[in-house]
$ cat entry.cif   # mmCIF, C-alpha atoms and all ligand atoms
data_my_file
#
loop_
_atom_site.label_atom_id
_atom_site.label_comp_id
_atom_site.auth_asym_id
_atom_site.auth_seq_id
_atom_site.Cartn_x
_atom_site.Cartn_y
_atom_site.Cartn_z
CA MET A 1 -10.96 25.89 0.31
CA PHE A 2 -8.08 27.17 2.38
CA PRO A 3 -6.45 25.35 5.29
CA ALA A 4 -6.19 26.94 8.73
CA SER A 5 -2.91 28.84 9.05
CA PHE A 6 0.06 26.66 9.95
CA GLY A 7 3.81 26.83 10.46
CA TYR A 8 6.38 24.89 8.45
CA VAL A 9 9.76 23.46 9.35
CA ALA A 10 12.04 21.37 7.13
CA ALA A 11 13.82 18.48 8.84
CA ARG A 12 17.31 17.60 7.59
CA SER A 13 17.54 14.15 9.16
CA VAL A 14 15.31 11.50 10.70
CA ALA A 15 16.83 12.37 14.11
CA GLU A 16 15.92 16.04 13.65
CA ALA A 17 12.40 15.13 12.51
CA LEU A 18 11.97 12.99 15.65
CA GLU A 19 13.14 15.92 17.81
CA LEU A 20 10.69 18.25 16.06
CA MET A 21 7.86 15.74 16.60
CA ALA A 22 8.70 15.62 20.32
CA LYS A 23 8.83 19.43 20.46
CA HIS A 24 5.50 20.05 18.69
CA GLY A 25 3.60 17.03 20.07
CA GLU A 26 0.00 16.80 18.89
CA ASP A 27 0.30 20.18 17.14
CA GLY A 28 2.90 18.83 14.68
CA LYS A 29 2.32 16.65 11.64
CA LEU A 30 4.76 14.97 9.29
CA LEU A 31 4.57 16.08 5.66
CA ALA A 32 5.76 13.79 2.85
CA GLY A 33 4.26 14.33 -0.64
CA GLY A 34 1.31 16.27 0.80
CA HIS A 35 -1.15 14.61 -1.58
CA SER A 36 -3.37 13.26 1.18
CA LEU A 37 -2.51 15.61 4.04
CA ILE A 38 -2.91 18.94 2.19
CA PRO A 39 -6.37 18.05 0.75
CA ALA A 40 -7.42 16.98 4.27
CA MET A 41 -6.15 20.31 5.64
CA LYS A 42 -8.02 22.23 2.95
CA LEU A 43 -11.20 20.44 3.98
CA ARG A 44 -10.32 21.29 7.63
CA LEU A 45 -10.41 17.57 8.45
CA GLN A 46 -6.93 18.15 9.85
CA SER A 47 -5.48 21.40 11.17
CA PRO A 48 -1.94 20.84 12.41
CA ARG A 49 -0.21 23.95 13.77
CA THR A 50 3.16 22.91 12.30
CA LEU A 51 4.11 20.77 9.33
CA ILE A 52 7.40 18.90 9.73
CA ASP A 53 8.65 18.28 6.21
CA LEU A 54 10.37 14.95 5.60
CA GLY A 55 10.97 15.80 1.95
CA THR A 56 14.23 17.49 2.90
CA VAL A 57 15.60 14.40 4.70
CA ALA A 58 18.32 12.72 2.64
CA GLY A 59 18.50 8.95 2.23
CA LEU A 60 14.80 8.08 2.45
CA ARG A 61 14.16 8.05 -1.29
CA ASP A 62 15.92 5.03 -2.72
CA ILE A 63 15.33 1.40 -3.66
CA ARG A 64 18.04 -1.18 -2.92
CA GLU A 65 18.51 -4.91 -2.47
CA ASP A 66 19.58 -6.11 0.96
CA GLY A 67 19.75 -9.70 2.17
CA GLY A 68 16.99 -11.15 -0.02
CA GLN A 69 14.75 -8.12 0.40
CA LEU A 70 13.96 -5.07 -1.68
CA VAL A 71 14.22 -2.07 0.64
CA ILE A 72 12.18 0.97 -0.39
CA GLY A 73 12.75 4.29 1.39
CA ALA A 74 9.56 5.81 2.79
CA LEU A 75 9.99 8.99 0.71
CA THR A 76 10.17 7.09 -2.61
CA VAL A 77 7.50 8.46 -4.91
CA HIS A 78 5.02 6.21 -6.72
CA ALA A 79 6.49 7.06 -10.17
CA ASP A 80 9.98 5.92 -9.09
CA ILE A 81 8.57 2.62 -7.80
CA ALA A 82 6.60 2.08 -11.02
CA ALA A 83 9.71 2.71 -13.15
CA SER A 84 12.28 0.94 -10.95
CA GLU A 85 14.16 -1.85 -12.73
CA PRO A 86 14.64 -4.00 -9.59
CA VAL A 87 10.96 -3.59 -8.70
CA ARG A 88 9.88 -4.60 -12.22
CA ARG A 89 12.25 -7.58 -12.18
CA HIS A 90 11.48 -8.93 -8.69
CA LEU A 91 8.08 -7.47 -7.80
CA PRO A 92 6.16 -6.56 -10.95
CA GLY A 93 2.92 -6.59 -8.94
CA LEU A 94 4.22 -3.60 -6.96
CA SER A 95 5.07 -1.83 -10.19
CA ASP A 96 1.51 -2.57 -11.45
CA ALA A 97 0.02 -0.94 -8.34
CA ALA A 98 2.30 2.12 -8.25
CA SER A 99 1.61 2.83 -11.93
CA VAL A 100 -2.21 3.05 -11.50
CA ILE A 101 -2.23 5.49 -8.57
CA GLY A 102 -3.96 8.77 -9.40
CA ASP A 103 -2.42 10.72 -12.26
CA VAL A 104 1.12 11.71 -13.29
CA GLN A 105 1.25 14.59 -10.80
CA VAL A 106 0.09 12.42 -7.90
CA ARG A 107 2.58 9.69 -8.82
CA ASN A 108 5.43 12.20 -8.92
CA ARG A 109 4.67 13.73 -5.51
CA GLY A 110 2.97 10.99 -3.48
CA THR A 111 5.23 8.67 -1.49
CA ILE A 112 4.94 5.04 -0.46
CA GLY A 113 5.45 5.99 3.19
CA GLY A 114 2.74 8.64 3.04
CA SER A 115 0.34 6.26 1.36
CA VAL A 116 0.69 3.46 3.90
CA ALA A 117 0.83 5.84 6.91
CA HIS A 118 -2.36 7.54 5.67
CA ALA A 119 -4.01 4.07 5.33
CA ASP A 120 -6.87 5.11 3.09
CA PRO A 121 -9.09 2.02 2.66
CA ALA A 122 -9.30 2.87 -1.07
CA ALA A 123 -5.50 3.09 -1.58
CA ASP A 124 -3.54 0.78 -3.87
CA LEU A 125 -0.18 0.14 -2.18
CA PRO A 126 -1.52 -1.36 1.09
CA VAL A 127 -3.20 -4.11 -0.94
CA ILE A 128 -0.20 -5.22 -2.98
CA LEU A 129 2.15 -4.84 0.02
CA THR A 130 -0.13 -7.24 1.92
CA ALA A 131 0.08 -9.80 -0.89
CA LEU A 132 3.87 -9.33 -0.94
CA ASN A 133 4.18 -9.84 2.84
CA ALA A 134 6.02 -6.54 3.40
CA THR A 135 7.54 -5.35 6.67
CA PHE A 136 7.45 -1.71 7.81
CA VAL A 137 10.38 -0.16 9.67
CA ALA A 138 9.39 2.49 12.23
CA GLN A 139 11.93 4.76 13.90
CA SER A 140 11.32 6.42 17.28
CA PRO A 141 13.67 8.20 19.70
CA SER A 142 14.25 4.85 21.41
CA GLY A 143 15.26 2.95 18.26
CA SER A 144 13.62 1.15 15.36
CA ARG A 145 11.16 -1.73 15.17
CA ASN A 146 9.68 -3.85 12.41
CA VAL A 147 5.94 -4.26 11.91
CA ALA A 148 4.59 -7.07 9.70
CA VAL A 149 2.05 -5.95 7.12
CA ASP A 150 -0.63 -8.20 8.62
CA ASP A 151 -0.34 -6.16 11.87
CA PHE A 152 0.16 -2.71 10.31
CA PHE A 153 -3.28 -1.62 9.02
CA THR A 154 -5.48 -1.60 12.11
CA ASP A 155 -8.59 0.41 11.09
CA PHE A 156 -9.85 3.10 8.70
CA TYR A 157 -6.98 5.60 8.29
CA THR A 158 -5.23 4.00 11.26
CA THR A 159 -2.00 2.03 11.50
CA ALA A 160 0.19 0.43 14.14
CA LEU A 161 2.57 3.44 13.97
CA ASN A 162 2.87 5.27 17.28
CA ALA A 163 2.61 9.07 17.47
CA ASN A 164 6.37 9.34 18.10
CA GLU A 165 7.38 7.12 15.16
CA ILE A 166 8.49 7.84 11.60
CA LEU A 167 8.15 5.18 8.95
CA THR A 168 11.60 5.03 7.35
CA GLU A 169 11.51 2.06 5.00
CA ILE A 170 9.38 -0.73 3.60
CA ARG A 171 11.07 -4.11 3.20
CA VAL A 172 9.65 -6.61 0.73
CA PRO A 173 10.98 -10.17 0.46
CA ILE A 174 12.34 -10.98 -3.01
CA PRO A 175 10.10 -13.87 -4.04
CA ALA A 176 11.36 -17.44 -4.50
CA PRO A 177 11.98 -18.72 -8.04
CA GLY A 178 8.73 -19.80 -9.69
CA THR A 179 6.82 -16.89 -8.12
CA GLY A 180 4.72 -14.36 -10.00
CA THR A 181 3.14 -11.23 -8.55
CA ALA A 182 0.38 -9.01 -9.95
CA TYR A 183 -2.16 -6.35 -9.05
CA ALA A 184 -5.56 -5.69 -10.64
CA LYS A 185 -7.78 -2.69 -9.85
CA LEU A 186 -11.31 -1.55 -10.59
CA PRO A 187 -10.90 2.23 -10.21
CA HIS A 188 -13.72 4.58 -9.31
CA PRO A 189 -14.54 6.31 -12.61
CA ALA A 190 -14.39 9.81 -11.09
CA SER A 191 -11.69 9.69 -8.41
CA GLY A 192 -9.52 6.84 -9.71
CA TYR A 193 -9.29 5.40 -6.19
CA VAL A 194 -9.97 1.69 -5.59
CA VAL A 195 -13.54 0.42 -5.73
CA VAL A 196 -12.21 -3.13 -5.46
CA SER A 197 -8.70 -4.40 -6.13
CA ALA A 198 -6.64 -7.54 -5.70
CA GLY A 199 -2.97 -8.33 -5.25
CA ALA A 200 -1.55 -11.81 -5.74
CA ALA A 201 1.75 -13.61 -5.15
CA ILE A 202 1.70 -17.16 -6.49
CA THR A 203 4.57 -19.67 -6.34
CA ARG A 204 4.32 -22.73 -8.59
CA GLN A 205 6.42 -25.83 -9.08
CA ALA A 206 7.54 -26.83 -12.57
CA SER A 207 4.75 -29.45 -12.47
CA GLY A 208 2.20 -26.62 -12.26
CA THR A 209 1.24 -27.20 -8.62
CA CYS A 210 0.77 -24.16 -6.39
CA VAL A 211 3.18 -24.26 -3.45
CA ALA A 212 2.37 -20.84 -1.95
CA ALA A 213 -0.26 -18.14 -2.45
CA ARG A 214 -0.88 -14.80 -0.75
CA ILE A 215 -3.93 -12.92 -1.98
CA ALA A 216 -5.10 -9.52 -0.68
CA ILE A 217 -8.27 -7.64 -1.53
CA GLY A 218 -8.84 -3.88 -1.28
CA GLY A 219 -12.04 -1.86 -1.11
CA LEU A 220 -14.03 -4.28 1.06
CA GLY A 221 -13.06 -3.22 4.57
CA SER A 222 -11.17 -0.72 6.68
CA GLY A 223 -7.92 -1.86 5.07
CA PRO A 224 -6.53 -4.63 2.91
CA LEU A 225 -7.97 -8.08 3.66
CA ARG A 226 -6.19 -11.40 3.20
CA ALA A 227 -8.34 -13.72 1.07
CA VAL A 228 -7.47 -16.72 3.23
CA ALA A 229 -10.13 -19.04 1.77
CA THR A 230 -8.77 -18.34 -1.73
CA GLU A 231 -5.18 -18.98 -0.61
CA LEU A 232 -6.12 -22.33 0.98
CA GLU A 233 -8.09 -23.34 -2.10
CA LEU A 234 -4.99 -22.83 -4.29
CA GLN A 235 -2.22 -24.26 -2.12
CA GLY A 236 -1.12 -27.76 -3.09
CA LYS A 237 -3.42 -27.85 -6.13
CA PRO A 238 -2.67 -27.81 -9.86
CA LEU A 239 -3.24 -24.24 -11.09
CA THR A 240 -5.92 -25.07 -13.67
CA ALA A 241 -8.48 -22.54 -14.89
CA GLN A 242 -11.23 -24.34 -12.96
CA ILE A 243 -9.32 -24.36 -9.66
CA ILE A 244 -8.37 -20.68 -10.03
CA ALA A 245 -12.00 -19.72 -10.81
CA ALA A 246 -13.32 -21.68 -7.81
CA ALA A 247 -10.65 -20.21 -5.50
CA ALA A 248 -11.17 -16.64 -6.70
CA ALA A 249 -14.93 -16.92 -6.17
CA LYS A 250 -14.16 -17.28 -2.44
CA ALA A 251 -12.20 -14.01 -2.26
CA ALA A 252 -14.94 -12.10 -0.47
CA GLU A 253 -16.05 -15.03 1.70
CA GLU A 254 -16.84 -14.02 5.27
CA THR A 255 -16.42 -10.31 4.49
CA ASP A 256 -18.93 -7.57 5.14
CA PRO A 257 -18.01 -5.08 2.41
CA VAL A 258 -18.23 -1.36 3.09
CA GLU A 259 -21.05 0.03 0.94
CA ASP A 260 -21.20 3.46 -0.65
CA ALA A 261 -23.31 5.32 -3.19
CA TYR A 262 -21.29 3.75 -6.02
CA ALA A 263 -21.06 0.09 -5.01
CA ASP A 264 -23.23 -2.00 -2.70
CA ALA A 265 -21.96 -5.01 -0.76
CA GLU A 266 -23.25 -7.64 -3.21
CA TYR A 267 -21.60 -5.90 -6.15
CA LYS A 268 -18.30 -5.56 -4.29
CA ARG A 269 -18.35 -9.26 -3.29
CA HIS A 270 -18.86 -10.25 -6.91
CA VAL A 271 -16.20 -7.87 -8.25
CA ALA A 272 -13.72 -9.06 -5.60
CA GLY A 273 -13.95 -12.54 -7.13
CA VAL A 274 -13.48 -11.18 -10.64
CA TYR A 275 -10.42 -9.09 -9.71
CA ALA A 276 -8.92 -11.85 -7.57
CA ARG A 277 -9.05 -14.11 -10.63
CA LYS A 278 -7.47 -11.42 -12.83
CA ALA A 279 -4.61 -10.92 -10.34
CA ILE A 280 -4.04 -14.67 -9.85
CA GLU A 281 -4.01 -15.32 -13.60
CA ALA A 282 -1.58 -12.45 -14.24
CA ALA A 283 0.68 -13.61 -11.39
CA LEU A 284 0.62 -17.18 -12.74
CA GLU A 285 1.54 -15.97 -16.23
CA ARG A 286 4.59 -14.21 -14.73
CA ALA A 287 5.46 -17.25 -12.60
CA ARG A 288 5.59 -19.36 -15.79
CA SER A 289 7.88 -16.97 -17.68
C1 LIG A 301 -6.07 13.66 -7.03
C2 LIG A 301 -5.51 12.52 -6.19
C3 LIG A 301 -5.72 11.21 -6.63
C4 LIG A 301 -5.20 10.16 -5.89
N1 LIG A 301 -5.44 8.87 -6.33
C5 LIG A 301 -4.96 7.82 -5.63
C6 LIG A 301 -5.16 6.47 -6.07
O1 LIG A 301 -5.74 6.19 -7.13
N2 LIG A 301 -4.66 5.47 -5.30
C7 LIG A 301 -3.98 5.72 -4.13
O2 LIG A 301 -3.54 4.77 -3.48
N3 LIG A 301 -3.77 6.97 -3.69
C8 LIG A 301 -4.23 8.02 -4.40
N4 LIG A 301 -4.00 9.31 -3.97
C9 LIG A 301 -3.25 9.50 -2.71
C10 LIG A 301 -1.76 9.58 -2.98
O3 LIG A 301 -1.24 8.29 -3.27
C11 LIG A 301 -1.03 10.18 -1.79
O4 LIG A 301 0.18 10.64 -2.27
C12 LIG A 301 -0.72 9.23 -0.65
O5 LIG A 301 -1.89 8.66 -0.14
C13 LIG A 301 -0.07 9.98 0.52
O6 LIG A 301 1.28 10.11 0.27
P1 LIG A 301 1.98 11.51 0.52
O7 LIG A 301 3.43 11.26 0.34
O8 LIG A 301 1.35 12.50 -0.38
O9 LIG A 301 1.68 11.74 2.05
P2 LIG A 301 1.22 13.06 2.84
O10 LIG A 301 -0.06 13.55 2.28
O11 LIG A 301 2.33 14.02 2.97
O12 LIG A 301 0.97 12.41 4.28
C14 LIG A 301 -0.11 11.53 4.51
C15 LIG A 301 -0.12 11.11 5.99
O13 LIG A 301 0.95 10.24 6.28
C16 LIG A 301 1.80 10.79 7.30
N5 LIG A 301 3.16 10.45 6.89
C17 LIG A 301 3.74 10.71 5.70
N6 LIG A 301 4.96 10.18 5.64
C18 LIG A 301 5.16 9.54 6.82
C19 LIG A 301 6.24 8.77 7.35
N7 LIG A 301 7.36 8.53 6.64
N8 LIG A 301 6.12 8.27 8.60
C20 LIG A 301 4.99 8.47 9.32
N9 LIG A 301 3.93 9.18 8.86
C21 LIG A 301 4.02 9.71 7.63
C22 LIG A 301 1.51 12.28 7.31
O14 LIG A 301 1.76 12.86 8.58
C23 LIG A 301 0.03 12.28 6.96
O15 LIG A 301 -0.74 11.98 8.10
C24 LIG A 301 -4.48 10.40 -4.69
C25 LIG A 301 -4.27 11.71 -4.26
C26 LIG A 301 -4.77 12.78 -5.01
C27 LIG A 301 -4.53 14.17 -4.52
#
$ encode --input "entry.cif" --output "structure tokens"
Amino acid sequence: MFPASFGYVAARSVAEALELMAKHGEDGKLLAGGHSLIPAMKLRLQSPRTLIDLGTVAGLRDIREDGGQLVIGALTVHADIAASEPVRRHLPGLSDAASVIGDVQVRNRGTIGGSVAHADPAADLPVILTALNATFVAQSPSGSRNVAVDDFFTDFYTTALNANEILTEIRVPIPAPGTGTAYAKLPHPASGYVVVSAGAAITRQASGTCVAARIAIGGLGSGPLRAVATELELQGKPLTAQIIAAAAAKAAEETDPVEDAYADAEYKRHVAGVYARKAIEAALERARS
């Protein structure tokens, strides 16, 4: 299928991209890796008159440490995140997630900013970024603001970003000592997208007691869901196999999973518990080492 005809303009800075967005209004659309937007245009689900390319903006494709946070530029591609030494060292769960997105081509073109701005309910990065308590930095003509991950994903394919904002970076706290992070995914056998997935960040004391847990589940709703019942079940308890199994079984509690031809709600609820346990166990293994 072919998209409707469109114009193209390459921005050279965030400021220029913001000016172009103001100029083109609803007819303009930001382009990052194009791996969600171009397929949507080919299906005529979206028909912007002008694409404003961010790929030509310098300085949005790097990963650096800053004040106890790992700062990831919005244009950083999935493959760079998966291979990044600081990401592997501090946030291996993020590396897990970036490395199972699509195929090699998708991982070398798709960007973290594009993925979270697109907010596909079957995407990987929103789930692990929820477990990692990330913050999103949005730039508009009037300045920049931070949006906490728990407030960012508001509905199917919808975020807290305003129409005049560009996502410039994603900030992830570097976890406290004794923390392990991990991501586990059941991919759809045809598309590779998430059927159900889980991200976990677990902090343990030397005694083996859990002092903090953030667990997120993907594939059940319009965006990533915090598994609050699972988190509460772990906090303050010794991280034994029995306690982890009982906590993980609550991962889909009080959810109303989105059904499709591949997976009904009961199946998704069950698999959410299985993948929550996998992610918690893998995070705990890393917390111990
Ligand atoms: C074959 C295939 C398989 C895939 N499999 C997976 C998978 O298994 N898991 C997964 O998570 N994803 C998967 N994807 C999606 C992939 O990760 C996309 O790259 C990603 O969702 C979008 O990133 P992008 O850089 O390509 O964004 P684009 O397609 O360029 O843009 C997507 C949307 O975000 C907006 N946008 C982009 N950047 C910004 C910004 N900085 N600020 C504000 N708005 C912005 C655009 O205007 C557009 O609306 C797959 C894609 C393909 C084609």
$ atom_distance --input "entry.cif" --atom1 "atom CA of Thr181 of chain A" --atom2 "atom CA of Phe156 of chain A"
25.9 Å
$ residues_near_ligand --input "entry.cif" --ligand "ligand LIG 301 (chain A)" --cutoff "7 Å" --atoms "only C-alpha atoms and all ligand atoms" --output "PyMOL selection string"
chain A and resi 29-39+74-75+100-103+106-107+109-115+117-118+120+122-125+165-168+191-194
$ write_last_selection --input "entry.cif" --atoms "C-alpha atoms" --output "tab-separated table (two decimals), keeping the file's coordinate frame"
chain	number	residue	atom	x	y	z
A	29	LYS	CA	2.32	16.65	11.64
A	30	LEU	CA	4.76	14.97	9.29
A	31	LEU	CA	4.57	16.08	5.66
A	32	ALA	CA	5.76	13.79	2.85
A	33	GLY	CA	4.26	14.33	-0.64
A	34	GLY	CA	1.31	16.27	0.80
A	35	HIS	CA	-1.15	14.61	-1.58
A	36	SER	CA	-3.37	13.26	1.18
A	37	LEU	CA	-2.51	15.61	4.04
A	38	ILE	CA	-2.91	18.94	2.19
A	39	PRO	CA	-6.37	18.05	0.75
A	74	ALA	CA	9.56	5.81	2.79
A	75	LEU	CA	9.99	8.99	0.71
A	100	VAL	CA	-2.21	3.05	-11.50
A	101	ILE	CA	-2.23	5.49	-8.57
A	102	GLY	CA	-3.96	8.77	-9.40
A	103	ASP	CA	-2.42	10.72	-12.26
A	106	VAL	CA	0.09	12.42	-7.90
A	107	ARG	CA	2.58	9.69	-8.82
A	109	ARG	CA	4.67	13.73	-5.51
A	110	GLY	CA	2.97	10.99	-3.48
A	111	THR	CA	5.23	8.67	-1.49
A	112	ILE	CA	4.94	5.04	-0.46
A	113	GLY	CA	5.45	5.99	3.19
A	114	GLY	CA	2.74	8.64	3.04
A	115	SER	CA	0.34	6.26	1.36
A	117	ALA	CA	0.83	5.84	6.91
A	118	HIS	CA	-2.36	7.54	5.67
A	120	ASP	CA	-6.87	5.11	3.09
A	122	ALA	CA	-9.30	2.87	-1.07
A	123	ALA	CA	-5.50	3.09	-1.58
A	124	ASP	CA	-3.54	0.78	-3.87
A	125	LEU	CA	-0.18	0.14	-2.18
A	165	GLU	CA	7.38	7.12	15.16
A	166	ILE	CA	8.49	7.84	11.60
A	167	LEU	CA	8.15	5.18	8.95
A	168	THR	CA	11.60	5.03	7.35
A	191	SER	CA	-11.69	9.69	-8.41
A	192	GLY	CA	-9.52	6.84	-9.71
A	193	TYR	CA	-9.29	5.40	-6.19
A	194	VAL	CA	-9.97	1.69	-5.59
$ axis_aligned_box --input "entry.cif" --around "segment 251-256 of chain A" --padding-each-side "4 Å" --output "AutoDock Vina command-line options"
--center_x -15.6 --center_y -11.3 --center_z 1.5 --size_x 14.7 --size_y 15.5 --size_z 15.5
$ closest_residue --input "entry.cif" --among "A:Ala98, A:Met21, A:Val228, A:Val274" --to "Ala212 of chain A" --atoms "all atoms listed in the file"
A:Val228
$ closest_residue --input "entry.cif" --among "A:Leu284, A:Ile170, A:Ala82, A:Ala148" --to "Asp66 of chain A" --atoms "only C-alpha atoms"
A:Ile170
$ closest_residue --input "entry.cif" --among "A:Leu60, A:Leu18, A:Ala247, A:Ile217" --to "Gln235 of chain A" --atoms "only C-alpha atoms"
A:Ala247
$ closest_residue --input "entry.cif" --among "A:Arg214, A:Arg269, A:Arg204, A:Arg12" --to "Ala134 of chain A" --atoms "only C-alpha atoms"
A:Arg214
$ closest_residue --input "entry.cif" --among "A:Thr50, A:Ser5, A:Thr158, A:Ser197" --to "Ala279 of chain A" --atoms "only C-alpha atoms"
A:Ser197
$ atom_distance --input "entry.cif" --atom1 "atom CA of Ala97 of chain A" --atom2 "atom CA of Leu129 of chain A"
9.5 Å
$ closest_residue --input "entry.cif" --among "A:Asp62, A:Asp260, A:Asp80, A:Asp150" --to "Leu132 of chain A" --atoms "all atoms listed in the file"
A:Asp150
$ residues_around --input "entry.cif" --residues "Ala216 of chain A" --least-positions-apart "3" --cutoff "7 Å" --atoms "all atoms listed in the file" --output "ChimeraX atom specification"
/A:127-128,130-131,198-200,224-227
$ atom_distance --input "entry.cif" --atom1 "atom CA of Pro121 of chain A" --atom2 "atom CA of Asn162 of chain A"
19.2 Å
$ residues_around --input "entry.cif" --residues "Pro257 of chain A" --least-positions-apart "3" --cutoff "9 Å" --atoms "all atoms listed in the file" --output "list in words"
Gly219, Leu220, Gly221, Ala252, Asp264, Ala265, Glu266, Lys268 and Arg269 of chain A
$ write_last_selection --input "entry.cif" --atoms "C-alpha atoms" --output "PDB file, in the coordinates of the input"
ATOM      1  CA  GLY A 219     -12.040  -1.860  -1.110  1.00  0.00           C
ATOM      2  CA  LEU A 220     -14.030  -4.280   1.060  1.00  0.00           C
ATOM      3  CA  GLY A 221     -13.060  -3.220   4.570  1.00  0.00           C
ATOM      4  CA  ALA A 252     -14.940 -12.100  -0.470  1.00  0.00           C
ATOM      5  CA  ASP A 264     -23.230  -2.000  -2.700  1.00  0.00           C
ATOM      6  CA  ALA A 265     -21.960  -5.010  -0.760  1.00  0.00           C
ATOM      7  CA  GLU A 266     -23.250  -7.640  -3.210  1.00  0.00           C
ATOM      8  CA  LYS A 268     -18.300  -5.560  -4.290  1.00  0.00           C
ATOM      9  CA  ARG A 269     -18.350  -9.260  -3.290  1.00  0.00           C
TER      10      ARG A 269
END
$ residues_around --input "entry.cif" --residues "Ser95 of chain A" --least-positions-apart "4" --cutoff "10 Å" --atoms "all atoms listed in the file" --output "PDB file with C-alpha atoms, in the coordinates of the input"
ATOM      1  CA  HIS A  78       5.020   6.210  -6.720  1.00  0.00           C
ATOM      2  CA  ALA A  79       6.490   7.060 -10.170  1.00  0.00           C
ATOM      3  CA  ASP A  80       9.980   5.920  -9.090  1.00  0.00           C
ATOM      4  CA  ILE A  81       8.570   2.620  -7.800  1.00  0.00           C
ATOM      5  CA  ALA A  82       6.600   2.080 -11.020  1.00  0.00           C
ATOM      6  CA  ALA A  83       9.710   2.710 -13.150  1.00  0.00           C
ATOM      7  CA  SER A  84      12.280   0.940 -10.950  1.00  0.00           C
ATOM      8  CA  GLU A  85      14.160  -1.850 -12.730  1.00  0.00           C
ATOM      9  CA  PRO A  86      14.640  -4.000  -9.590  1.00  0.00           C
ATOM     10  CA  VAL A  87      10.960  -3.590  -8.700  1.00  0.00           C
ATOM     11  CA  ARG A  88       9.880  -4.600 -12.220  1.00  0.00           C
ATOM     12  CA  ARG A  89      12.250  -7.580 -12.180  1.00  0.00           C
ATOM     13  CA  HIS A  90      11.480  -8.930  -8.690  1.00  0.00           C
ATOM     14  CA  LEU A  91       8.080  -7.470  -7.800  1.00  0.00           C
ATOM     15  CA  SER A  99       1.610   2.830 -11.930  1.00  0.00           C
ATOM     16  CA  VAL A 100      -2.210   3.050 -11.500  1.00  0.00           C
ATOM     17  CA  LEU A 125      -0.180   0.140  -2.180  1.00  0.00           C
ATOM     18  CA  ILE A 128      -0.200  -5.220  -2.980  1.00  0.00           C
ATOM     19  CA  THR A 181       3.140 -11.230  -8.550  1.00  0.00           C
ATOM     20  CA  ALA A 182       0.380  -9.010  -9.950  1.00  0.00           C
ATOM     21  CA  TYR A 183      -2.160  -6.350  -9.050  1.00  0.00           C
TER      22      TYR A 183
END
